[in-house]
file final20.txt (compact mmCIF, C-alpha atoms and all ligand atoms)
# COMPACT_ATOMS: atom_id res chain seq x y z
CA MET A 1 148.67 16.22 133.85
CA LYS A 2 147.15 17.06 137.20
CA LEU A 3 145.04 20.22 136.86
CA LEU A 4 143.73 22.63 139.47
CA VAL A 5 140.51 24.12 138.09
CA THR A 6 139.19 26.96 140.25
CA GLY A 7 135.54 28.02 140.02
CA ALA A 8 134.63 24.72 138.34
CA ALA A 9 131.31 24.47 140.20
CA GLY A 10 130.10 27.36 138.02
CA PHE A 11 128.79 27.52 134.47
CA ILE A 12 131.90 27.58 132.22
CA GLY A 13 134.27 25.93 134.71
CA SER A 14 132.02 22.86 134.95
CA ALA A 15 131.83 22.58 131.15
CA TYR A 16 135.62 22.79 131.04
CA ALA A 17 136.06 20.23 133.83
CA ARG A 18 133.72 17.86 131.96
CA LEU A 19 135.99 18.10 128.89
CA ALA A 20 139.36 18.07 130.66
CA ALA A 21 138.54 15.21 133.08
CA ALA A 22 138.43 12.83 130.11
CA GLU A 23 142.24 13.19 129.81
CA HIS A 24 143.52 14.64 133.08
CA GLU A 25 143.30 14.31 136.84
CA ILE A 26 141.33 17.25 138.24
CA THR A 27 141.20 19.07 141.57
CA VAL A 28 138.49 21.70 141.94
CA LEU A 29 138.79 24.68 144.30
CA ASP A 30 135.48 26.53 144.62
CA LYS A 31 133.98 28.85 147.22
CA LEU A 32 130.43 27.75 146.28
CA THR A 33 128.96 31.23 146.06
CA TYR A 34 125.32 31.59 144.97
CA ALA A 35 126.50 30.67 141.44
CA GLY A 36 128.55 27.59 142.37
CA ARG A 37 126.85 24.19 142.69
CA ARG A 38 128.37 20.78 143.31
CA GLU A 39 125.72 19.16 141.07
CA ASN A 40 127.18 21.04 138.09
CA LEU A 41 130.05 18.54 138.38
CA ASP A 42 127.87 15.41 138.47
CA GLY A 43 129.50 12.72 136.34
CA VAL A 44 132.89 14.50 136.36
CA GLU A 45 135.66 12.64 138.18
CA HIS A 46 137.45 15.13 140.47
CA SER A 47 138.58 15.88 143.98
CA PHE A 48 137.03 18.93 145.63
CA VAL A 49 138.38 21.59 147.97
CA HIS A 50 135.81 24.04 149.34
CA GLY A 51 137.47 27.42 149.71
CA SER A 52 138.32 30.79 148.20
CA ILE A 53 141.14 31.60 145.79
CA ALA A 54 141.77 34.57 148.10
CA ASP A 55 142.64 32.21 150.99
CA PRO A 56 146.34 31.24 150.77
CA GLY A 57 145.84 28.12 152.94
CA ALA A 58 143.03 26.71 150.79
CA VAL A 59 144.96 27.56 147.63
CA ARG A 60 148.11 25.73 148.76
CA GLU A 61 146.11 22.69 149.87
CA ALA A 62 144.39 22.49 146.47
CA MET A 63 147.44 23.37 144.32
CA GLU A 64 150.01 21.03 145.89
CA GLY A 65 151.23 18.54 143.26
CA CYS A 66 149.42 20.18 140.32
CA ASP A 67 151.10 20.69 136.92
CA ALA A 68 148.81 23.48 135.77
CA VAL A 69 146.14 25.87 137.04
CA VAL A 70 143.08 27.11 135.14
CA ASN A 71 141.37 29.98 136.94
CA PHE A 72 137.62 30.38 136.35
CA ALA A 73 136.82 31.58 139.88
CA ALA A 74 134.92 34.85 139.63
CA GLU A 75 131.93 36.96 140.37
CA SER A 76 130.52 37.00 136.87
CA HIS A 77 127.53 39.34 136.70
CA VAL A 78 127.86 42.99 135.63
CA ASP A 79 124.59 44.08 137.32
CA ARG A 80 125.73 42.66 140.66
CA SER A 81 129.04 44.52 140.33
CA ILE A 82 127.10 47.76 139.87
CA ALA A 83 125.09 46.93 143.01
CA GLY A 84 128.30 46.27 145.03
CA GLN A 85 131.90 45.84 143.90
CA ASP A 86 133.58 44.36 147.02
CA PRO A 87 133.40 40.62 146.19
CA PHE A 88 134.60 41.45 142.67
CA VAL A 89 137.72 43.19 143.99
CA GLN A 90 138.29 40.39 146.50
CA THR A 91 138.10 37.52 144.00
CA HIS A 92 139.42 39.05 140.76
CA VAL A 93 142.27 41.11 142.24
CA ILE A 94 143.22 39.66 145.65
CA GLY A 95 142.30 36.10 144.65
CA THR A 96 144.24 36.19 141.38
CA GLY A 97 147.24 37.57 143.29
CA VAL A 98 147.09 34.73 145.84
CA LEU A 99 146.93 32.15 143.03
CA LEU A 100 149.91 33.70 141.21
CA ASP A 101 152.06 33.73 144.36
CA ALA A 102 151.24 30.07 145.02
CA VAL A 103 151.97 29.08 141.41
CA ARG A 104 155.42 30.61 141.75
CA GLU A 105 156.15 29.22 145.20
CA LEU A 106 155.01 25.70 144.33
CA GLY A 107 156.75 25.75 140.92
CA VAL A 108 153.58 24.98 138.93
CA GLY A 109 154.48 24.82 135.23
CA ARG A 110 151.52 26.54 133.62
CA TYR A 111 148.76 29.05 134.52
CA LEU A 112 145.73 30.06 132.48
CA GLN A 113 143.61 33.07 133.43
CA VAL A 114 140.06 32.94 132.11
CA SER A 115 139.00 36.44 131.16
CA THR A 116 136.45 38.34 129.13
CA ASP A 117 135.99 40.55 126.06
CA GLU A 118 134.58 43.16 128.45
CA VAL A 119 138.10 44.22 129.52
CA TYR A 120 138.43 46.03 126.15
CA GLY A 121 135.22 48.02 126.66
CA SER A 122 132.63 48.76 123.98
CA ILE A 123 133.33 48.99 120.21
CA ASP A 124 130.87 50.44 117.64
CA ASP A 125 132.50 48.93 114.52
CA GLY A 126 135.18 46.34 113.89
CA SER A 127 136.68 43.97 116.47
CA PHE A 128 139.23 44.11 119.28
CA THR A 129 142.53 42.28 118.86
CA GLU A 130 144.79 41.17 121.70
CA SER A 131 146.84 44.37 121.32
CA SER A 132 143.82 46.67 121.76
CA PRO A 133 144.11 48.74 124.96
CA LEU A 134 142.17 47.62 128.02
CA ASP A 135 139.33 50.09 128.65
CA PRO A 136 136.83 48.45 131.00
CA SER A 137 133.52 50.13 131.85
CA SER A 138 131.95 48.29 134.80
CA PRO A 139 133.30 47.22 138.21
CA TYR A 140 133.08 43.65 136.85
CA SER A 141 135.25 44.34 133.82
CA ALA A 142 137.58 46.75 135.69
CA THR A 143 138.42 44.08 138.27
CA LYS A 144 138.78 41.41 135.56
CA ALA A 145 141.22 43.74 133.75
CA ALA A 146 143.13 44.22 137.02
CA GLY A 147 143.41 40.43 137.33
CA ASP A 148 144.71 40.19 133.75
CA LEU A 149 147.28 42.91 134.40
CA LEU A 150 148.50 41.12 137.54
CA VAL A 151 148.99 37.97 135.46
CA SER A 152 150.97 39.92 132.84
CA SER A 153 153.08 41.52 135.56
CA HIS A 154 154.05 38.08 136.89
CA VAL A 155 154.99 36.98 133.37
CA HIS A 156 157.15 40.09 132.93
CA THR A 157 158.69 40.15 136.40
CA HIS A 158 159.00 36.50 137.35
CA GLY A 159 158.94 34.77 133.96
CA LEU A 160 155.73 32.94 134.87
CA GLU A 161 154.42 30.59 132.14
CA ALA A 162 150.97 32.16 132.05
CA VAL A 163 148.41 32.68 129.29
CA ILE A 164 145.14 34.63 129.24
CA CYS A 165 142.00 33.55 127.40
CA ARG A 166 139.36 36.25 126.78
CA GLY A 167 135.97 34.90 125.79
CA SER A 168 132.91 36.68 124.44
CA ASN A 169 129.41 36.18 125.92
CA ASN A 170 128.93 32.48 126.70
CA TYR A 171 125.60 30.66 126.74
CA GLY A 172 124.53 27.04 127.18
CA PRO A 173 123.40 24.58 129.88
CA ARG A 174 123.91 25.32 133.61
CA GLN A 175 124.21 29.13 133.34
CA TYR A 176 122.77 30.88 136.41
CA PRO A 177 119.53 32.59 135.35
CA GLU A 178 120.69 36.11 136.23
CA LYS A 179 122.24 36.28 132.72
CA LEU A 180 120.16 37.30 129.69
CA ILE A 181 119.62 33.98 127.89
CA PRO A 182 118.72 31.71 130.84
CA LEU A 183 116.71 34.51 132.48
CA ILE A 184 114.48 35.13 129.47
CA THR A 185 114.26 31.40 128.70
CA LEU A 186 112.93 30.56 132.17
CA ASN A 187 110.65 33.61 132.20
CA ALA A 188 109.28 32.67 128.77
CA LEU A 189 108.71 29.05 129.86
CA HIS A 190 106.73 30.41 132.85
CA GLY A 191 104.86 33.02 130.76
CA ASP A 192 106.47 35.85 132.78
CA PRO A 193 107.57 39.26 131.38
CA LEU A 194 110.99 39.41 129.64
CA PRO A 195 112.94 42.47 130.85
CA VAL A 196 114.92 44.16 128.06
CA TYR A 197 117.30 46.92 129.14
CA GLY A 198 116.78 50.21 127.26
CA ASP A 199 116.12 49.88 123.53
CA GLY A 200 117.49 46.30 123.35
CA ARG A 201 119.73 47.23 120.40
CA GLN A 202 122.95 46.36 122.28
CA VAL A 203 125.06 43.75 120.47
CA ARG A 204 126.75 40.71 121.98
CA ASN A 205 128.96 38.10 120.30
CA TRP A 206 127.51 34.73 121.40
CA LEU A 207 129.83 31.77 122.10
CA PHE A 208 128.53 28.29 122.99
CA VAL A 209 130.09 27.21 126.28
CA GLU A 210 131.58 23.98 124.90
CA ASP A 211 133.38 25.95 122.16
CA PHE A 212 134.93 28.21 124.80
CA ALA A 213 135.94 25.19 126.91
CA ARG A 214 137.73 23.64 123.89
CA ALA A 215 139.54 26.91 123.18
CA ILE A 216 140.73 27.17 126.78
CA HIS A 217 142.06 23.61 126.72
CA LEU A 218 143.92 24.27 123.48
CA VAL A 219 145.43 27.53 124.75
CA LEU A 220 146.48 25.82 128.00
CA GLN A 221 148.43 23.26 126.00
CA LYS A 222 149.64 25.24 122.97
CA GLY A 223 149.42 28.93 123.85
CA GLU A 224 152.58 31.00 123.79
CA PRO A 225 153.65 31.89 127.36
CA GLY A 226 152.81 35.49 128.15
CA ALA A 227 150.26 35.84 125.34
CA ALA A 228 146.55 36.60 125.48
CA TYR A 229 144.04 34.83 123.19
CA ASN A 230 140.65 36.26 122.21
CA VAL A 231 137.87 33.73 121.71
CA GLY A 232 134.81 35.21 120.01
CA GLY A 233 131.60 33.42 119.06
CA PRO A 234 130.59 32.87 115.43
CA ASP A 235 127.53 35.16 115.52
CA GLU A 236 126.66 38.58 116.85
CA CYS A 237 123.12 39.56 117.63
CA GLU A 238 121.13 42.45 119.10
CA ASN A 239 119.57 41.60 122.46
CA ILE A 240 116.04 42.20 121.17
CA GLU A 241 116.65 39.65 118.40
CA VAL A 242 117.89 37.11 121.00
CA VAL A 243 114.68 37.68 122.97
CA ARG A 244 112.51 37.22 119.84
CA ARG A 245 114.27 33.95 119.00
CA VAL A 246 113.68 32.63 122.53
CA LEU A 247 110.00 33.58 122.24
CA GLU A 248 109.80 31.61 119.00
CA LEU A 249 111.53 28.57 120.51
CA THR A 250 109.20 28.60 123.53
CA GLY A 251 106.03 29.36 121.52
CA ARG A 252 105.29 32.60 123.41
CA GLU A 253 103.97 35.98 122.24
CA GLU A 254 105.99 39.17 121.77
CA SER A 255 103.64 40.86 124.26
CA LEU A 256 105.81 39.34 127.02
CA ILE A 257 108.65 41.73 126.08
CA GLU A 258 108.97 44.58 128.54
CA HIS A 259 111.48 47.39 128.02
CA VAL A 260 112.87 48.38 131.44
CA ALA A 261 115.37 51.00 132.66
CA ASP A 262 118.77 50.64 130.98
CA ARG A 263 121.81 49.30 132.84
CA LEU A 264 124.06 52.11 134.12
CA GLY A 265 127.07 52.61 131.83
CA HIS A 266 125.77 49.86 129.51
CA ASP A 267 128.36 48.77 126.91
CA ARG A 268 126.75 48.98 123.45
CA ARG A 269 128.67 46.33 121.55
CA TYR A 270 131.39 43.74 122.15
CA SER A 271 133.36 42.15 119.33
CA LEU A 272 136.55 40.11 119.26
CA SER A 273 138.93 39.08 116.51
CA SER A 274 139.80 35.40 117.13
CA ASP A 275 142.58 35.07 114.50
CA ARG A 276 145.25 34.20 117.08
CA VAL A 277 143.36 31.26 118.61
CA ARG A 278 142.32 30.11 115.12
CA ALA A 279 146.00 29.93 114.21
CA LEU A 280 146.33 27.33 117.01
CA GLY A 281 143.65 25.26 115.26
CA TRP A 282 140.45 26.35 117.07
CA GLU A 283 137.17 26.98 115.32
CA ALA A 284 133.71 27.48 116.81
CA ARG A 285 131.56 24.41 116.08
CA VAL A 286 128.17 25.61 117.28
CA GLN A 287 126.31 28.39 115.43
CA PHE A 288 123.97 30.58 117.47
CA ALA A 289 120.73 29.14 116.02
CA GLU A 290 121.73 25.58 116.94
CA GLY A 291 123.23 26.52 120.31
CA LEU A 292 120.18 28.53 121.33
CA GLU A 293 117.85 25.67 120.45
CA ARG A 294 119.99 23.26 122.48
CA THR A 295 120.08 25.69 125.40
CA VAL A 296 116.33 26.34 125.49
CA SER A 297 115.69 22.56 125.28
CA TRP A 298 118.12 21.96 128.13
CA TYR A 299 116.28 24.40 130.41
CA ARG A 300 112.91 22.97 129.36
CA ASP A 301 114.10 19.47 130.33
CA ASN A 302 116.00 20.30 133.53
CA GLU A 303 113.58 21.68 136.07
CA PRO A 304 115.40 19.74 138.87
CA TRP A 305 118.42 21.99 138.09
CA TRP A 306 116.68 25.37 138.03
CA GLY A 307 113.75 24.68 140.37
CA PRO A 308 115.81 25.13 143.58
CA ILE A 309 117.44 28.30 142.16
CA ARG A 310 114.12 29.96 141.39
CA SER A 311 112.95 29.37 144.95
CA GLY A 312 116.08 30.65 146.74
CA GLU A 313 118.46 33.66 146.79
CA TYR A 314 117.61 34.34 143.16
CA ARG A 315 114.11 35.50 144.08
CA GLU A 316 115.59 38.23 146.31
CA TRP A 317 118.08 39.28 143.63
CA TYR A 318 115.35 39.40 141.01
CA GLU A 319 113.08 41.59 143.12
CA ARG A 320 115.92 43.98 144.02
CA GLN A 321 117.13 44.21 140.41
CA TYR A 322 113.80 44.37 138.56
CA GLY A 323 111.66 46.07 141.22
CA ARG A 324 109.02 43.32 141.10
CA PRO A 325 108.77 39.79 142.46
CA LEU A 326 109.78 36.92 140.19
CA GLY A 327 106.71 35.60 138.41
CA GLU A 328 104.79 38.91 138.28
P1 LIG A 401 129.80 31.59 137.31
O1 LIG A 401 129.33 32.76 138.09
O2 LIG A 401 128.79 30.67 136.71
O3 LIG A 401 130.77 30.69 138.20
C1 LIG A 401 131.80 31.24 138.98
C2 LIG A 401 132.31 30.14 139.91
O4 LIG A 401 133.40 30.69 140.68
C3 LIG A 401 131.27 29.64 140.91
O5 LIG A 401 131.35 28.23 141.02
C4 LIG A 401 131.68 30.31 142.23
O6 LIG A 401 131.30 29.56 143.38
C5 LIG A 401 133.19 30.36 142.06
N1 LIG A 401 133.84 31.41 142.87
C6 LIG A 401 133.49 32.71 143.00
N2 LIG A 401 134.34 33.36 143.81
C7 LIG A 401 135.27 32.44 144.20
C8 LIG A 401 136.41 32.50 145.02
N3 LIG A 401 136.78 33.63 145.63
N4 LIG A 401 137.14 31.38 145.19
C9 LIG A 401 136.78 30.21 144.59
N5 LIG A 401 135.69 30.09 143.81
C10 LIG A 401 134.94 31.21 143.61
O7 LIG A 401 130.75 32.21 136.20
P2 LIG A 401 131.03 31.75 134.69
O8 LIG A 401 130.06 32.42 133.81
O9 LIG A 401 131.20 30.28 134.65
O10 LIG A 401 132.44 32.46 134.44
C11 LIG A 401 133.66 31.77 134.66
C12 LIG A 401 134.81 32.63 134.20
O11 LIG A 401 134.67 32.95 132.82
C13 LIG A 401 134.91 33.98 134.92
O12 LIG A 401 136.25 34.27 135.16
C14 LIG A 401 134.31 34.97 133.94
O13 LIG A 401 134.85 36.26 134.13
C15 LIG A 401 134.74 34.36 132.63
N6 LIG A 401 133.90 34.66 131.46
C16 LIG A 401 132.54 34.51 131.54
C17 LIG A 401 131.77 34.75 130.39
C18 LIG A 401 130.27 34.56 130.40
O14 LIG A 401 129.61 34.90 129.41
N7 LIG A 401 129.68 34.00 131.45
C19 LIG A 401 132.38 35.16 129.20
C20 LIG A 401 133.78 35.30 129.17
C21 LIG A 401 134.53 35.04 130.30
P1 LIG A 402 124.36 39.59 130.44
O1 LIG A 402 123.85 38.22 130.17
O2 LIG A 402 124.22 40.14 131.82
O3 LIG A 402 125.89 39.60 129.96
P2 LIG A 402 126.91 40.88 129.81
O4 LIG A 402 126.38 42.02 130.57
O5 LIG A 402 128.13 40.31 130.44
O6 LIG A 402 127.03 41.12 128.34
O7 LIG A 402 123.66 40.59 129.45
C1 LIG A 402 123.70 40.42 128.04
C2 LIG A 402 123.01 41.60 127.42
O8 LIG A 402 121.62 41.55 127.75
C3 LIG A 402 123.52 42.94 127.93
O9 LIG A 402 123.51 43.89 126.86
C4 LIG A 402 122.49 43.33 128.98
C5 LIG A 402 121.20 42.74 128.45
N1 LIG A 402 120.21 42.31 129.47
C6 LIG A 402 118.88 42.72 129.36
O10 LIG A 402 118.49 43.43 128.40
N2 LIG A 402 118.00 42.30 130.31
C7 LIG A 402 118.37 41.55 131.38
O11 LIG A 402 117.50 41.23 132.24
C8 LIG A 402 119.74 41.11 131.47
C9 LIG A 402 120.19 40.27 132.62
C10 LIG A 402 120.62 41.52 130.48

call {"tool": "encode", "arguments": {"input": "final20.txt", "output": "structure tokens"}}
result
Amino acid sequence: MKLLVTGAAGFIGSAYARLAAAEHEITVLDKLTYAGRRENLDGVEHSFVHGSIADPGAVREAMEGCDAVVNFAAESHVDRSIAGQDPFVQTHVIGTGVLLDAVRELGVGRYLQVSTDEVYGSIDDGSFTESSPLDPSSPYSATKAAGDLLVSSHVHTHGLEAVICRGSNNYGPRQYPEKLIPLITLNALHGDPLPVYGDGRQVRNWLFVEDFARAIHLVLQKGEPGAAYNVGGPDECENIEVVRRVLELTGREESLIEHVADRLGHDRRYSLSSDRVRALGWEARVQFAEGLERTVSWYRDNEPWWGPIRSGEYREWYERQYGRPLGE
């Protein structure tokens, strides 16, 4: 198969490309936003088109001759969507629409939309199934839900062979350090304060990035057209417990923990039932304890990866978001 993988210069897309390139020919379409980096694809054989999924010309150039499309392209951070929703609307809604039109016009056989548990909103007890109603809370999740609904509308109206894969919180190597785990890992390694929103008792369902990549590849090949597949991690954990574990792994004191103002509209808990993807033969292989150790070690050993990030745009984001310069 020849695959178009959009957003593959980012965290999860690059992990997926690394796995899929072993069997398939890959074209990457990526806008290279602050979160996209060509070096994330080092060692992955691919051809590269620099452009946006919202640009019909770039999309046609990249999609020509492809048998399937896997769409990772996104703005992925909830806090940035609260600060300004425009790029989220542009990429998740307009961009997804442009991709779907091109898939139809070029007769591409298969389309997979990468989505998130956040489209279902927060759940105090139990887990969301694929038939749970979409009830997103943030501009990030609202625009992701809009993208999902556009995909479903093309399945219903045009008979498109599309599937949706909704993952829970991913973690692992090459995640931009605006997200909780890489942010607190790098801060802990530097001996800087670890910002915990509100009481830190919010619960996330942690999924190692390689497990999500395997699930996506399986759903692309075996998923029922028109269906959505939830992919939840094996462990759930309160944020404060995640922070304590990172402190342990980095040998730092709990005095680095700093409770800061809560995120606006903060979802309390996410949880997914993964029975449908399990029925296809998927199982998570990496438990949270092992995955977190691997992740912290990766950041400890890869300063050439994060060094340039911590001296660039990220510093400005950090100061705007946390009201203090990085490193203080
Ligand atoms: P990321 O921010 O690390 O990477 C996103 C990539 O998309 C970057 O390479 C960026 O340059 C590219 N991009 C952004 N806008 C684009 C556009 N208009 N056209 C082309 N490329 C564009 O994100 P990630 O964490 O790897 O997330 C990938 C996908 O997985 C997203 O769709 C996200 O919603 C979904 N997801 C993420 C998580 C998570 O925990 N990170 C969990 C479940 C689902
Ligand atoms: P995040 O990694 O941004 O993922 P998401 O919002 O998509 O779940 O955040 C994970 C959890 O960690 C979430 O409950 C918010 C919290 N959090 C903090 O407490 N401090 C931080 O500095 C960040 C970035 C997140």

call {"tool": "residues_around", "arguments": {"input": "final20.txt", "residues": "Ala35 (chain A)", "least_positions_apart": "6", "cutoff": "12 Å", "atoms": "all atoms listed in the file", "output": "count of residues only"}}
result
24

call {"tool": "closest_atom_pairs", "arguments": {"input": "final20.txt", "of": "chain A", "to": "ligand LIG 402 (chain A)", "cutoff": "7 Å", "atoms": "only C-alpha atoms and all ligand atoms", "output": "JSON lines"}}
result
{"residue": "A:His77", "atom": "CA", "partner": "A:LIG402", "partner_atom": "O2", "distance": 6.0}
{"residue": "A:Val78", "atom": "CA", "partner": "A:LIG402", "partner_atom": "O4", "distance": 5.4}
{"residue": "A:Asp79", "atom": "CA", "partner": "A:LIG402", "partner_atom": "O2", "distance": 6.8}
{"residue": "A:Asn169", "atom": "CA", "partner": "A:LIG402", "partner_atom": "O6", "distance": 6.0}
{"residue": "A:Glu178", "atom": "CA", "partner": "A:LIG402", "partner_atom": "C9", "distance": 5.5}
{"residue": "A:Lys179", "atom": "CA", "partner": "A:LIG402", "partner_atom": "O1", "distance": 3.6}
{"residue": "A:Leu180", "atom": "CA", "partner": "A:LIG402", "partner_atom": "O1", "distance": 3.8}
{"residue": "A:Ile181", "atom": "CA", "partner": "A:LIG402", "partner_atom": "O1", "distance": 6.4}
{"residue": "A:Leu183", "atom": "CA", "partner": "A:LIG402", "partner_atom": "C9", "distance": 6.7}
{"residue": "A:Pro195", "atom": "CA", "partner": "A:LIG402", "partner_atom": "O11", "distance": 4.9}
{"residue": "A:Val196", "atom": "CA", "partner": "A:LIG402", "partner_atom": "O10", "distance": 3.7}
{"residue": "A:Tyr197", "atom": "CA", "partner": "A:LIG402", "partner_atom": "O10", "distance": 3.8}
{"residue": "A:Gly200", "atom": "CA", "partner": "A:LIG402", "partner_atom": "O10", "distance": 5.9}
{"residue": "A:Gln202", "atom": "CA", "partner": "A:LIG402", "partner_atom": "O9", "distance": 5.2}
{"residue": "A:Val203", "atom": "CA", "partner": "A:LIG402", "partner_atom": "O9", "distance": 6.6}
{"residue": "A:Arg204", "atom": "CA", "partner": "A:LIG402", "partner_atom": "O6", "distance": 6.4}
{"residue": "A:Asn239", "atom": "CA", "partner": "A:LIG402", "partner_atom": "O8", "distance": 5.7}
{"residue": "A:His266", "atom": "CA", "partner": "A:LIG402", "partner_atom": "O9", "distance": 6.9}
{"residue": "A:Asp267", "atom": "CA", "partner": "A:LIG402", "partner_atom": "O9", "distance": 6.9}
{"residue": "A:Arg268", "atom": "CA", "partner": "A:LIG402", "partner_atom": "O9", "distance": 6.9}

call {"tool": "residues_around", "arguments": {"input": "final20.txt", "residues": "Val5 (chain A)", "least_positions_apart": "4", "cutoff": "12 Å", "atoms": "all atoms listed in the file", "output": "JSON, numbers by chain"}}
result
{"A": [9, 10, 12, 13, 14, 15, 16, 17, 18, 19, 20, 21, 24, 25, 26, 27, 28, 29, 30, 41, 46, 47, 48, 49, 53, 59, 62, 63, 66, 67, 68, 69, 70, 71, 72, 73, 99, 111, 112, 113, 114, 216, 217, 220]}

call {"tool": "residues_around", "arguments": {"input": "final20.txt", "residues": "Ser274 (chain A)", "least_positions_apart": "2", "cutoff": "7 Å", "atoms": "all atoms listed in the file", "output": "list of chain:residue names"}}
result
A:Asn230, A:Val231, A:Gly232, A:Leu272, A:Arg276, A:Val277, A:Arg278

call {"tool": "write_last_selection", "arguments": {"input": "final20.txt", "atoms": "C-alpha atoms", "output": "CSV table (one decimal), keeping the file's coordinate frame"}}
result
chain,number,residue,atom,x,y,z
A,230,ASN,CA,140.6,36.3,122.2
A,231,VAL,CA,137.9,33.7,121.7
A,232,GLY,CA,134.8,35.2,120.0
A,272,LEU,CA,136.6,40.1,119.3
A,276,ARG,CA,145.2,34.2,117.1
A,277,VAL,CA,143.4,31.3,118.6
A,278,ARG,CA,142.3,30.1,115.1

call {"tool": "atom_distance", "arguments": {"input": "final20.txt", "atom1": "atom O10 of ligand LIG 401 (chain A)", "atom2": "CA of His259 (chain A)"}}
result
26.5 Å

call {"tool": "atom_distance", "arguments": {"input": "final20.txt", "atom1": "atom C16 of ligand LIG 401 (chain A)", "atom2": "CA of Pro308 (chain A)"}}
result
22.6 Å

call {"tool": "closest_residue", "arguments": {"input": "final20.txt", "among": "A:Arg166, A:Lys31, A:Lys2, A:Arg37", "to": "Glu64 (chain A)", "atoms": "only C-alpha atoms"}}
result
A:Lys2

call {"tool": "atom_distance", "arguments": {"input": "final20.txt", "atom1": "CA of Ala215 (chain A)", "atom2": "CA of Trp282 (chain A)"}}
result
6.2 Å

call {"tool": "decode", "arguments": {"input": "final20.txt", "residues": "region 102-124 of chain A", "atoms": "C-alpha atoms", "output": "CSV table (one decimal), in the first residue's frame"}}
result
chain,number,residue,atom,x,y,z
A,102,ALA,CA,-9.9,14.9,-2.0
A,103,VAL,CA,-10.3,11.3,-0.9
A,104,ARG,CA,-13.6,11.1,-2.8
A,105,GLU,CA,-12.4,12.9,-5.9
A,106,LEU,CA,-9.2,10.9,-6.2
A,107,GLY,CA,-11.0,7.6,-5.4
A,108,VAL,CA,-8.7,6.7,-2.4
A,109,GLY,CA,-9.9,3.4,-0.9
A,110,ARG,CA,-9.5,4.0,2.8
A,111,TYR,CA,-9.5,6.9,5.3
A,112,LEU,CA,-8.6,6.8,9.0
A,113,GLN,CA,-9.3,9.8,11.2
A,114,VAL,CA,-7.2,9.9,14.4
A,115,SER,CA,-9.3,11.3,17.2
A,116,THR,CA,-9.4,11.5,20.9
A,117,ASP,CA,-11.4,10.3,24.0
A,118,GLU,CA,-12.0,14.0,24.8
A,119,VAL,CA,-14.8,14.2,22.2
A,120,TYR,CA,-17.0,12.3,24.8
A,121,GLY,CA,-16.3,14.8,27.5
A,122,SER,CA,-15.7,13.9,31.2
A,123,ILE,CA,-17.0,10.8,33.0
A,124,ASP,CA,-17.0,10.4,36.8
